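Visitor: One file: query_3.pdb (PDB, C-alpha atoms).
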```pdb
MODEL        1
ATOM      1  CA  MET G   1     -91.301  53.980 -32.180
ATOM      2  CA  ALA G   2     -90.410  50.844 -30.221
ATOM      3  CA  SER G   3     -90.609  50.882 -26.435
ATOM      4  CA  ASN G   4     -87.439  50.937 -24.343
ATOM      5  CA  SER G   5     -87.973  47.336 -23.278
ATOM      6  CA  THR G   6     -87.696  45.982 -26.842
ATOM      7  CA  HIS G   7     -85.338  48.467 -28.474
ATOM      8  CA  PRO G   8     -81.820  46.967 -28.823
ATOM      9  CA  HIS G   9     -80.129  50.281 -28.016
ATOM     10  CA  ARG G  10     -82.335  51.407 -25.153
ATOM     11  CA  ARG G  11     -81.054  53.968 -22.706
ATOM     12  CA  MET G  12     -80.422  53.129 -19.077
ATOM     13  CA  SER G  13     -82.423  54.877 -16.408
ATOM     14  CA  GLY G  14     -80.553  56.882 -13.790
ATOM     15  CA  ALA G  15     -80.981  54.089 -11.237
ATOM     16  CA  HIS G  16     -79.649  51.479 -13.668
ATOM     17  CA  LYS G  17     -76.644  53.673 -14.444
ATOM     18  CA  LEU G  18     -75.842  53.975 -10.728
ATOM     19  CA  ILE G  19     -76.137  50.210 -10.283
ATOM     20  CA  ALA G  20     -73.864  49.624 -13.289
ATOM     21  CA  ILE G  21     -71.304  52.140 -11.991
ATOM     22  CA  ALA G  22     -71.400  50.583  -8.509
ATOM     23  CA  ALA G  23     -70.988  47.083  -9.954
ATOM     24  CA  PHE G  24     -68.057  48.206 -12.085
ATOM     25  CA  GLY G  25     -66.465  49.906  -9.063
ATOM     26  CA  ALA G  26     -66.887  46.756  -6.959
ATOM     27  CA  LEU G  27     -65.291  44.626  -9.684
ATOM     28  CA  ALA G  28     -62.417  47.092 -10.053
ATOM     29  CA  ALA G  29     -61.901  47.143  -6.284
ATOM     30  CA  ALA G  30     -61.902  43.355  -6.096
ATOM     31  CA  ALA G  31     -59.425  43.095  -8.950
ATOM     32  CA  GLY G  32     -57.185  45.706  -7.352
ATOM     33  CA  CYS G  33     -56.902  43.790  -4.076
ATOM     34  CA  THR G  34     -55.638  40.454  -5.318
ATOM     35  CA  SER G  35     -51.902  40.940  -4.842
ATOM     36  CA  ALA G  36     -49.780  41.808  -1.862
ATOM     37  CA  THR G  37     -48.974  45.232  -3.239
ATOM     38  CA  SER G  38     -52.339  46.158  -4.663
ATOM     39  CA  GLY G  39     -54.209  49.342  -3.902
ATOM     40  CA  THR G  40     -56.950  49.641  -1.363
ATOM     41  CA  SER G  41     -59.907  50.241  -3.655
ATOM     42  CA  GLY G  42     -60.989  50.940  -7.195
ATOM     43  CA  LYS G  43     -60.923  54.649  -6.299
ATOM     44  CA  VAL G  44     -57.681  56.478  -5.780
ATOM     45  CA  ALA G  45     -57.040  56.786  -2.062
ATOM     46  CA  GLY G  46     -55.627  60.059  -0.900
ATOM     47  CA  SER G  47     -57.470  62.062  -3.520
ATOM     48  CA  GLY G  48     -60.493  62.946  -1.407
ATOM     49  CA  SER G  49     -62.270  59.709  -2.306
ATOM     50  CA  SER G  50     -63.152  56.823  -0.022
ATOM     51  CA  PRO G  51     -61.106  56.359   3.148
ATOM     52  CA  THR G  52     -58.086  54.071   3.058
ATOM     53  CA  VAL G  53     -58.617  53.079   6.703
ATOM     54  CA  THR G  54     -61.934  53.014   8.551
ATOM     55  CA  VAL G  55     -63.338  51.598  11.780
ATOM     56  CA  ALA G  56     -65.582  48.534  11.614
ATOM     57  CA  SER G  57     -67.137  46.388  14.299
ATOM     58  CA  LYS G  58     -66.164  42.730  14.199
ATOM     59  CA  GLY G  59     -68.240  40.407  16.352
ATOM     60  CA  THR G  60     -65.399  38.686  18.198
ATOM     61  CA  VAL G  61     -63.042  41.619  18.678
ATOM     62  CA  GLY G  62     -65.177  44.778  18.607
ATOM     63  CA  ALA G  63     -64.362  48.033  16.791
ATOM     64  CA  VAL G  64     -61.097  47.670  14.877
ATOM     65  CA  LEU G  65     -59.276  49.310  11.986
ATOM     66  CA  SER G  66     -60.386  48.066   8.565
ATOM     67  CA  ASP G  67     -59.544  48.825   4.958
ATOM     68  CA  ALA G  68     -61.889  50.586   2.518
ATOM     69  CA  GLN G  69     -63.742  47.323   1.844
ATOM     70  CA  GLY G  70     -64.243  46.607   5.554
ATOM     71  CA  THR G  71     -61.541  43.925   5.738
ATOM     72  CA  THR G  72     -59.865  43.684   9.154
ATOM     73  CA  LEU G  73     -56.373  45.183   9.435
ATOM     74  CA  TYR G  74     -53.604  43.666  11.535
ATOM     75  CA  ARG G  75     -50.258  44.506  13.072
ATOM     76  CA  TYR G  76     -47.274  42.113  13.007
ATOM     77  CA  THR G  77     -45.326  42.287  16.283
ATOM     78  CA  PRO G  78     -41.850  41.646  14.764
ATOM     79  CA  ASP G  79     -42.222  44.885  12.739
ATOM     80  CA  THR G  80     -40.732  48.075  14.121
ATOM     81  CA  PRO G  81     -41.987  51.620  13.486
ATOM     82  CA  GLY G  82     -41.686  52.310   9.767
ATOM     83  CA  VAL G  83     -40.178  48.894   8.968
ATOM     84  CA  SER G  84     -42.082  45.888   7.611
ATOM     85  CA  VAL G  85     -40.338  42.535   7.975
ATOM     86  CA  CYS G  86     -43.261  40.605   6.442
ATOM     87  CA  THR G  87     -42.084  39.782   2.896
ATOM     88  CA  GLY G  88     -42.213  36.820   0.511
ATOM     89  CA  GLY G  89     -44.535  34.058   1.741
ATOM     90  CA  CYS G  90     -45.485  36.138   4.760
ATOM     91  CA  ALA G  91     -46.764  38.942   2.511
ATOM     92  CA  THR G  92     -48.673  36.379   0.439
ATOM     93  CA  SER G  93     -50.680  35.258   3.486
ATOM     94  CA  TRP G  94     -50.702  38.713   5.067
ATOM     95  CA  PRO G  95     -50.976  41.217   2.183
ATOM     96  CA  PRO G  96     -49.710  44.638   3.200
ATOM     97  CA  LEU G  97     -52.155  47.516   2.867
ATOM     98  CA  THR G  98     -50.524  49.639   0.169
ATOM     99  CA  LEU G  99     -51.467  52.770  -1.724
ATOM    100  CA  PRO G 100     -52.050  52.813  -5.482
ATOM    101  CA  ALA G 101     -49.140  54.047  -7.606
ATOM    102  CA  GLY G 102     -48.925  57.840  -7.562
ATOM    103  CA  VAL G 103     -50.815  58.230  -4.285
ATOM    104  CA  THR G 104     -48.679  59.340  -1.343
ATOM    105  CA  LYS G 105     -51.121  59.829   1.541
ATOM    106  CA  PRO G 106     -53.717  57.483   3.028
ATOM    107  CA  VAL G 107     -57.209  58.827   3.757
ATOM    108  CA  ALA G 108     -58.454  58.410   7.330
ATOM    109  CA  GLY G 109     -62.110  57.584   7.874
ATOM    110  CA  PRO G 110     -64.136  58.910  10.832
ATOM    111  CA  GLY G 111     -62.481  58.088  14.157
ATOM    112  CA  VAL G 112     -59.119  57.211  12.572
ATOM    113  CA  THR G 113     -55.959  59.243  13.224
ATOM    114  CA  ASN G 114     -52.202  58.688  13.074
ATOM    115  CA  LEU G 115     -51.999  57.216   9.560
ATOM    116  CA  GLY G 116     -48.804  57.381   7.575
ATOM    117  CA  THR G 117     -46.764  55.329   5.122
ATOM    118  CA  THR G 118     -43.521  53.423   4.904
ATOM    119  CA  LYS G 119     -41.681  52.358   1.755
ATOM    120  CA  ARG G 120     -41.490  48.601   1.161
ATOM    121  CA  ALA G 121     -38.556  46.874  -0.513
ATOM    122  CA  ASP G 122     -40.552  46.715  -3.784
ATOM    123  CA  GLY G 123     -40.985  50.510  -3.713
ATOM    124  CA  SER G 124     -44.698  50.487  -2.830
ATOM    125  CA  LEU G 125     -46.008  52.622   0.011
ATOM    126  CA  GLN G 126     -47.474  50.598   2.857
ATOM    127  CA  VAL G 127     -50.023  52.300   5.099
ATOM    128  CA  THR G 128     -49.032  52.604   8.761
ATOM    129  CA  TYR G 129     -50.949  53.293  11.949
ATOM    130  CA  MET G 130     -48.916  55.067  14.622
ATOM    131  CA  GLY G 131     -45.849  54.122  12.555
ATOM    132  CA  MET G 132     -46.638  50.389  12.441
ATOM    133  CA  PRO G 133     -47.276  48.737   9.042
ATOM    134  CA  LEU G 134     -50.813  47.447   8.370
ATOM    135  CA  TYR G 135     -51.799  44.095   6.828
ATOM    136  CA  ARG G 136     -54.855  42.086   5.822
ATOM    137  CA  PHE G 137     -55.191  38.303   6.249
ATOM    138  CA  VAL G 138     -56.112  35.964   3.382
ATOM    139  CA  GLY G 139     -58.013  33.780   5.865
ATOM    140  CA  ASP G 140     -60.561  36.568   6.378
ATOM    141  CA  THR G 141     -63.146  35.768   3.730
ATOM    142  CA  SER G 142     -65.939  38.107   4.813
ATOM    143  CA  ARG G 143     -66.205  41.652   6.118
ATOM    144  CA  THR G 144     -67.038  40.358   9.597
ATOM    145  CA  ASP G 145     -63.982  38.102   9.917
ATOM    146  CA  ALA G 146     -61.034  38.719  12.207
ATOM    147  CA  THR G 147     -59.671  35.163  12.061
ATOM    148  CA  GLY G 148     -56.050  36.304  12.114
ATOM    149  CA  GLN G 149     -56.413  37.730  15.632
ATOM    150  CA  GLY G 150     -53.628  36.290  17.806
ATOM    151  CA  LEU G 151     -52.288  33.871  15.179
ATOM    152  CA  GLY G 152     -48.816  32.684  16.034
ATOM    153  CA  GLY G 153     -48.804  35.095  18.950
ATOM    154  CA  THR G 154     -47.640  37.776  16.485
ATOM    155  CA  TRP G 155     -50.705  39.018  14.548
ATOM    156  CA  TYR G 156     -53.215  41.331  16.218
ATOM    157  CA  VAL G 157     -56.131  43.519  15.216
ATOM    158  CA  LEU G 158     -55.802  47.200  15.954
ATOM    159  CA  LYS G 159     -58.462  48.521  18.278
ATOM    160  CA  ALA G 160     -59.762  51.852  17.082
ATOM    161  CA  SER G 161     -59.235  53.342  20.552
ATOM    162  CA  ALA G 162     -55.781  51.872  21.227
ATOM    163  CA  SER G 163     -53.308  54.403  22.560
ATOM    164  CA  THR G 164     -50.408  52.578  20.966
ATOM    165  CA  PRO G 165     -50.165  49.466  18.813
ATOM    166  CA  ALA G 166     -47.003  48.371  20.630
ATOM    167  CA  THR G 167     -48.697  47.640  23.965
ATOM    168  CA  PRO G 168     -51.253  44.811  24.222
ATOM    169  CA  ALA G 169     -54.615  45.903  25.551
ATOM    170  CA  ALA G 170     -56.391  43.818  28.139
ATOM    171  CA  PRO G 171     -58.670  41.267  26.494
ATOM    172  CA  THR G 172     -62.071  42.866  25.980
ATOM    173  CA  THR G 173     -63.877  39.984  24.311
ATOM    174  CA  THR G 174     -63.919  36.239  24.291
ATOM    175  CA  PRO G 175     -60.589  35.104  22.832
ATOM    176  CA  ALA G 176     -60.698  34.318  19.133
ATOM    177  CA  SER G 177     -60.390  30.658  18.231
ATOM    178  CA  HIS G 178     -56.960  31.315  16.702
ATOM    179  CA  GLY G 179     -55.251  33.319  19.392
ATOM    180  CA  SER G 180     -54.934  34.879  22.768
ATOM    181  CA  GLY G 181     -57.621  37.537  22.356
ATOM    182  CA  ASN G 182     -55.166  40.366  22.963
ATOM    183  CA  ALA G 183     -55.561  43.323  20.688
ATOM    184  CA  TYR G 184     -53.255  46.211  20.056
TER     185      TYR G 184
ENDMDL
END
```
Could you write out this structure as structure tokens?

Guide:
Amino acid sequence: MASNSTHPHRRMSGAHKLIAIAAFGALAAAAGCTSATSGTSGKVAGSGSSPTVTVASKGTVGAVLSDAQGTTLYRYTPDTPGVSVCTGGCATSWPPLTLPAGVTKPVAGPGVTNLGTTKRADGSLQVTYMGMPLYRFVGDTSRTDATGQGLGGTWYVLKASASTPATPAAPTTTPASHGSGNAY
């Protein structure tokens, strides 16, 4: 009998299967986050799987709300509770954090409370924090980025300990290169 290393139909070890499953999940997650109304991960949020919103530490702004992949989440100050006004080109640059079709509740990670949803004009459910719609920024290219902080004086990260996203917190870090350093 031929050894596993030369047999064309060899079986994968348990470790190789886990790596293959993880790689497939990462590819599915990446593919699912390419449009403004995509889901938050390859897994179905709200079904007891990975959290929709977590807390992650970003070097320039500290501990902030992030999506399941660790991407920084933002609040847009022209929005009002339960109403997103970021559509069209705005939503292309600032993709809303939405739930996959059929999922109605976001999953909160450790230290995250006050999550909800609001219905967008396209019918998708956008995740909210304390009633305010959440967004990502296409300029954030790594998990440690928070380059949208303070942009245009209207986009702000959400501090994990903020009492309300509607009131700016005192600057707690060196201001980001793109904004005032205020965080909600």

Visitor: Which residues, written as number ranges by chain, have at least one atom at most 8 Å from Pro106 (chain G), with all atoms listed in the file counted and residues fewer than 6 positions away on the same chain left out?

Guide: G: 45-46, 51-53, 99, 115-117, 127

Visitor: Could you check the closest approach to Val138 (chain G) for each of G:Val85, G:Leu73, G:Val55, G:Val112 and tell me which residue wins, using all atoms listed in the file?

Guide: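 Smallest distance to Val138 (chain G) is found for G:Leu73.
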
Visitor: Translate the PyMOL selection byres ((chain G and resi 62) around 10) into a concrete residue list for this structure, as a list in words.

Guide: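 Output of the PyMOL selection byres ((chain G and resi 62) around 10): Val55, Ala56, Ser57, Lys58, Gly59, Thr60, Val61, Ala63, Val64, Leu65, Ala146, Val157, Lys159, Ala160, Thr172, Thr173 and Ala183 of chain G.
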
Visitor: One decimal, Å: what's the distance from CA of Cys86 (chain G) over to CA of Pro133 (chain G), could you say?

Guide: 9.4 Å

Visitor: Convert the output of the PyMOL selection byres ((chain G and resi 81) around 7) on the shown file into explicit residues, formatted as a VMD selection string.

Guide: chain G and resid 79 to 80 82 to 83 131 to 132
